[in-house]
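Peer 1: One structure, as C-alpha cells, below. Some questions next.
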Amino acid sequence: MQQIPYHIVTKKVPTFYFVGVTTGQSSIMKVFPRWMEALGRLDVVIEGIDHKPHDERQAYRRTVTQMKYDPLSLGALVTTHKIDLLEAARDMFDELHSSSQLTGEVSSISKRDGKLWGHAKDPITSGLSLDAFLEPGYFARTGGDFLCFGAGGSGKAMALHFINKKDRGDRPKRFIVTNRSEGRLLGMKAMVESLETDIEFIFVHTADPRVNDMVMVSLPEGSIVVNATGMGKDAPGSPVTGNGVFPLNGIAWEINYRGELDFWHQAMAQKESRNLFIEDGWLYFVHGWTQVIAEVLHIDLDPDTFNHLNQLASDLRPPLVLKPRHAGQSPS
C-alpha cells in the first residue's frame with residue numbers, strides 16, 4: 001500500500017481548486033458555477049486554497065498532495081504561486097509539459113491517465129490577451145519598446161509570446177524587465193538565453209519605484225508598459241510612483257482586474273495628457289481560467305465555446321471605478 005506523505009481530505013464531489021492568495025474575493029467564485037452549467041458539468045464545484053506569497057515549501061507540497069492522491073480532486077488553476085509551487089513540489093508531478101519545463105512554473109494542475117500533469121498556460125493566455133488589443137505590425141508602426149514590471153510567470157510568458165512571433169513587426173526591438181528579486185530576474189534571463197531571438201532583453205534589478213519611473217520615462221513613444229508584479233492586488237502599491245510618466249501614445253496594461261489597482265489608476269490619471277490606451281486584466285482573467293478548465297476537465301475550447309463563456313463571465317464583471325484621489329492626479 002502506497003504511503004501518502006500528508007493528510008488528504010477525501011472529497012465527495014468532483015472538486016476544482018483555485019490556488020491563490022485571496023481566492024474568496026475573486027469573481028471566479030460566482031462565474032464558475034455558471035460556466036459549469038453551460039458546459040454540462042454541474043457536478044463540479046470550486047474550492048479556494050489560499051497561500052501567503054512565497055509560502056513554506058511544505059505548505060505547497062500539502063496542496064499538491066491533495067490533488068495527486070484524492071480521486072475527486074480534479075486539478076487546479078494556480079496564480080501568484082506558479083513558480084514557488086513548482087520549485088517546492090516538482091518531484092510530485094508525473095509529467096511536466098514543455099511549457100512548464102521552459103518557464104519553471106505551473107499554472108495548471110491536471111490529471112490524465114492516472115498521472116499528475118503540470119502545464120504553464122500563461123504563454124497562451126497572455127498571448128491571446130495581447131493579440132486582442134495589439135494590431136498586427138504594432139511595433140513596426142510605432143517603434144515602441146515593451147517594459148514589464150515583474151519577472152515572474154506572467155513576465156516570462158509575455159517574453160515567450162514575443163520571441164515566438166514570426167513577423168518582425170510583431171516583436172519589440174527591446175524588452176525591458178525590472179524586478180525586486182534578483183533570483184527571478186536570473187531565472188528569466190536563463191530562459192531567454194536558451195532561445196534564439198533578435199529581441200534585445202534588458203534586465204533591471206530594483207526594488208525602488210523611483211528607478212522604475214526613470215526606466216519608464218526613457219521609453220520611446222508608443223511603448224507598452226505592463227504591471228505584472230502582483231502589486232495592487234496581492235500586495236499593496238504600484239511598481240511606479242505617482243510621479244511616473246507613461247509613454248506618449250503608449251499602452252498601459254494592468255494584468256489584474258480586482259484589488260486596489262494603483263497602477264491602473266495612475267495610468268488613468270494620464271490617459272488624456274499622454275494619449276494612453278489602457279487595458280485591465282479582465283480578458284486575461286477569462287482566457288487564463290478557460291484554458292485551465294479545458295485542460296482539467298478535458299474539454300475542447302473552440303471559439304464559440306470561449307465566446308459563450310466570456311459573455312457569461314462579463315455579465316458578472318465587477319465595475320472599475322476611478323477613485324476620487326486619482327481622478328485629477330498628474331505627475332509633477
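So you can find residues: chains in the C-alpha cells are A, B, ... in the order shown, residues in each start at 1, and ligands are numbered from 1 in order.
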Can you list every residue of segment 163-242 of chain A that has an atom at most 12 Å from segment 131-138 of chain A, with its nearest atom pair and the distance in Å to one decimal, using only C-alpha atoms, ordered by chain then number, as a Markdown table?
Peer 2:
| residue | atom | partner | partner_atom | distance |
| --- | --- | --- | --- | --- |
| A:Lys165 | CA | A:Pro136 | CA | 10.5 |
| A:Lys166 | CA | A:Gly137 | CA | 10.9 |
| A:Asp167 | CA | A:Gly137 | CA | 7.7 |
| A:Arg168 | CA | A:Gly137 | CA | 7.9 |
| A:Gly169 | CA | A:Gly137 | CA | 4.4 |
| A:Asp170 | CA | A:Gly137 | CA | 4.9 |
| A:Arg171 | CA | A:Gly137 | CA | 8.2 |
| A:Pro172 | CA | A:Tyr138 | CA | 8.7 |
| A:Lys173 | CA | A:Tyr138 | CA | 11.5 |
| A:Gly222 | CA | A:Tyr138 | CA | 9.0 |
| A:Ser223 | CA | A:Tyr138 | CA | 9.9 |
| A:Ile224 | CA | A:Leu134 | CA | 10.1 |
Peer 1: Keeping only C-alpha atoms, write the selected residues as a PDB file, in the first residue's frame.
Peer 2:
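Dumped everything to result_38.pdb:
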ATOM      1  CA  LYS A 165       6.110  35.861 -33.091  1.00  0.00           C
ATOM      2  CA  LYS A 166       7.073  35.103 -36.704  1.00  0.00           C
ATOM      3  CA  ASP A 167       6.630  38.605 -38.141  1.00  0.00           C
ATOM      4  CA  ARG A 168       9.419  41.026 -37.167  1.00  0.00           C
ATOM      5  CA  GLY A 169       6.908  43.848 -36.932  1.00  0.00           C
ATOM      6  CA  ASP A 170       5.086  41.976 -34.156  1.00  0.00           C
ATOM      7  CA  ARG A 171       8.201  41.820 -31.981  1.00  0.00           C
ATOM      8  CA  PRO A 172       9.573  44.739 -29.978  1.00  0.00           C
ATOM      9  CA  LYS A 173      13.194  45.654 -30.568  1.00  0.00           C
ATOM     10  CA  GLY A 222       4.256  54.161 -28.481  1.00  0.00           C
ATOM     11  CA  SER A 223       5.828  51.833 -25.917  1.00  0.00           C
ATOM     12  CA  ILE A 224       3.879  49.338 -23.818  1.00  0.00           C
TER      13      ILE A 224
END
Peer 1: Can you build me a table of segment 199-317 of chain A residues sitting at most 9 Å from segment 88-112 of chain A, with the closest atom pair per residue and its distance in Å to one decimal, using only C-alpha atoms, sorted by chain and residue number, as a Markdown table?
Peer 2:
| residue | atom | partner | partner_atom | distance |
| --- | --- | --- | --- | --- |
| A:Gly288 | CA | A:Ser107 | CA | 8.9 |
| A:Gln291 | CA | A:Ser108 | CA | 8.8 |
| A:Val292 | CA | A:Ser108 | CA | 5.7 |
| A:Ile293 | CA | A:Ser108 | CA | 8.6 |
| A:Glu295 | CA | A:Ser110 | CA | 6.7 |
| A:Val296 | CA | A:Ser110 | CA | 4.8 |
| A:Leu297 | CA | A:Ser110 | CA | 8.2 |
| A:His298 | CA | A:Arg112 | CA | 8.7 |
Peer 1: For the atom pair atom CA of Asp302 of chain A and atom CA of Pro14 of chain A, what is the interatomic distance in Å to one decimal place?
Peer 2: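 A separation of 23.5 Å between them.
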Peer 1: Between atom CA of Gly281 of chain A and atom CA of Val321 of chain A, what is the distance in Å, rounded to a tenth?
Peer 2: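 These two atoms are separated by 14.3 Å.
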Peer 1: Considering only C-alpha atoms, return as a list in words whatever protein or nucleic-acid residues lie within 9 Å of Tyr284 of chain A, sequence-local ones (same chain, fewer than 5 positions apart) excluded.
Peer 2: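 Counting only C-alpha atoms, the residues come to Thr125, Ser126, Leu128, Ser129, Leu130, Ile255, Asn256, Tyr257 and Trp289 of chain A.
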Peer 1: Based on the selection just made, write N, CA and C atoms of those residues as a JSON list (two decimals), in the first residue's frame.
Peer 2:
[["chain", "number", "residue", "atom", "x", "y", "z"],
["A", 125, "THR", "N", -2.26, 32.29, -22.66],
["A", 125, "THR", "CA", -3.26, 33.26, -22.23],
["A", 125, "THR", "C", -2.78, 34.70, -22.36],
["A", 126, "SER", "N", -1.51, 34.95, -22.05],
["A", 126, "SER", "CA", -1.01, 36.31, -22.21],
["A", 126, "SER", "C", -0.95, 36.67, -23.69],
["A", 128, "LEU", "N", -2.94, 35.48, -26.12],
["A", 128, "LEU", "CA", -4.30, 35.75, -26.58],
["A", 128, "LEU", "C", -4.76, 37.14, -26.15],
["A", 129, "SER", "N", -4.40, 37.52, -24.93],
["A", 129, "SER", "CA", -4.80, 38.83, -24.42],
["A", 129, "SER", "C", -4.08, 39.95, -25.16],
["A", 130, "LEU", "N", -2.77, 39.81, -25.38],
["A", 130, "LEU", "CA", -2.02, 40.83, -26.11],
["A", 130, "LEU", "C", -2.52, 40.97, -27.55],
["A", 255, "ILE", "N", -2.45, 43.81, -15.49],
["A", 255, "ILE", "CA", -2.94, 42.47, -15.77],
["A", 255, "ILE", "C", -3.90, 41.95, -14.71],
["A", 256, "ASN", "N", -4.14, 42.73, -13.65],
["A", 256, "ASN", "CA", -5.16, 42.38, -12.68],
["A", 256, "ASN", "C", -6.46, 43.10, -12.99],
["A", 257, "TYR", "N", -7.56, 42.57, -12.48],
["A", 257, "TYR", "CA", -8.86, 43.22, -12.69],
["A", 257, "TYR", "C", -9.51, 43.60, -11.37],
["A", 289, "TRP", "N", -8.55, 31.37, -17.08],
["A", 289, "TRP", "CA", -9.42, 30.38, -16.46],
["A", 289, "TRP", "C", -9.96, 29.37, -17.47]]
Peer 1: Expressed in Å to a single decimal, how great is the separation between atom CA of Leu74 of chain A and atom CA of Gly155 of chain A?
Peer 2: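 Computing it gives 27.5 Å between the two atoms.
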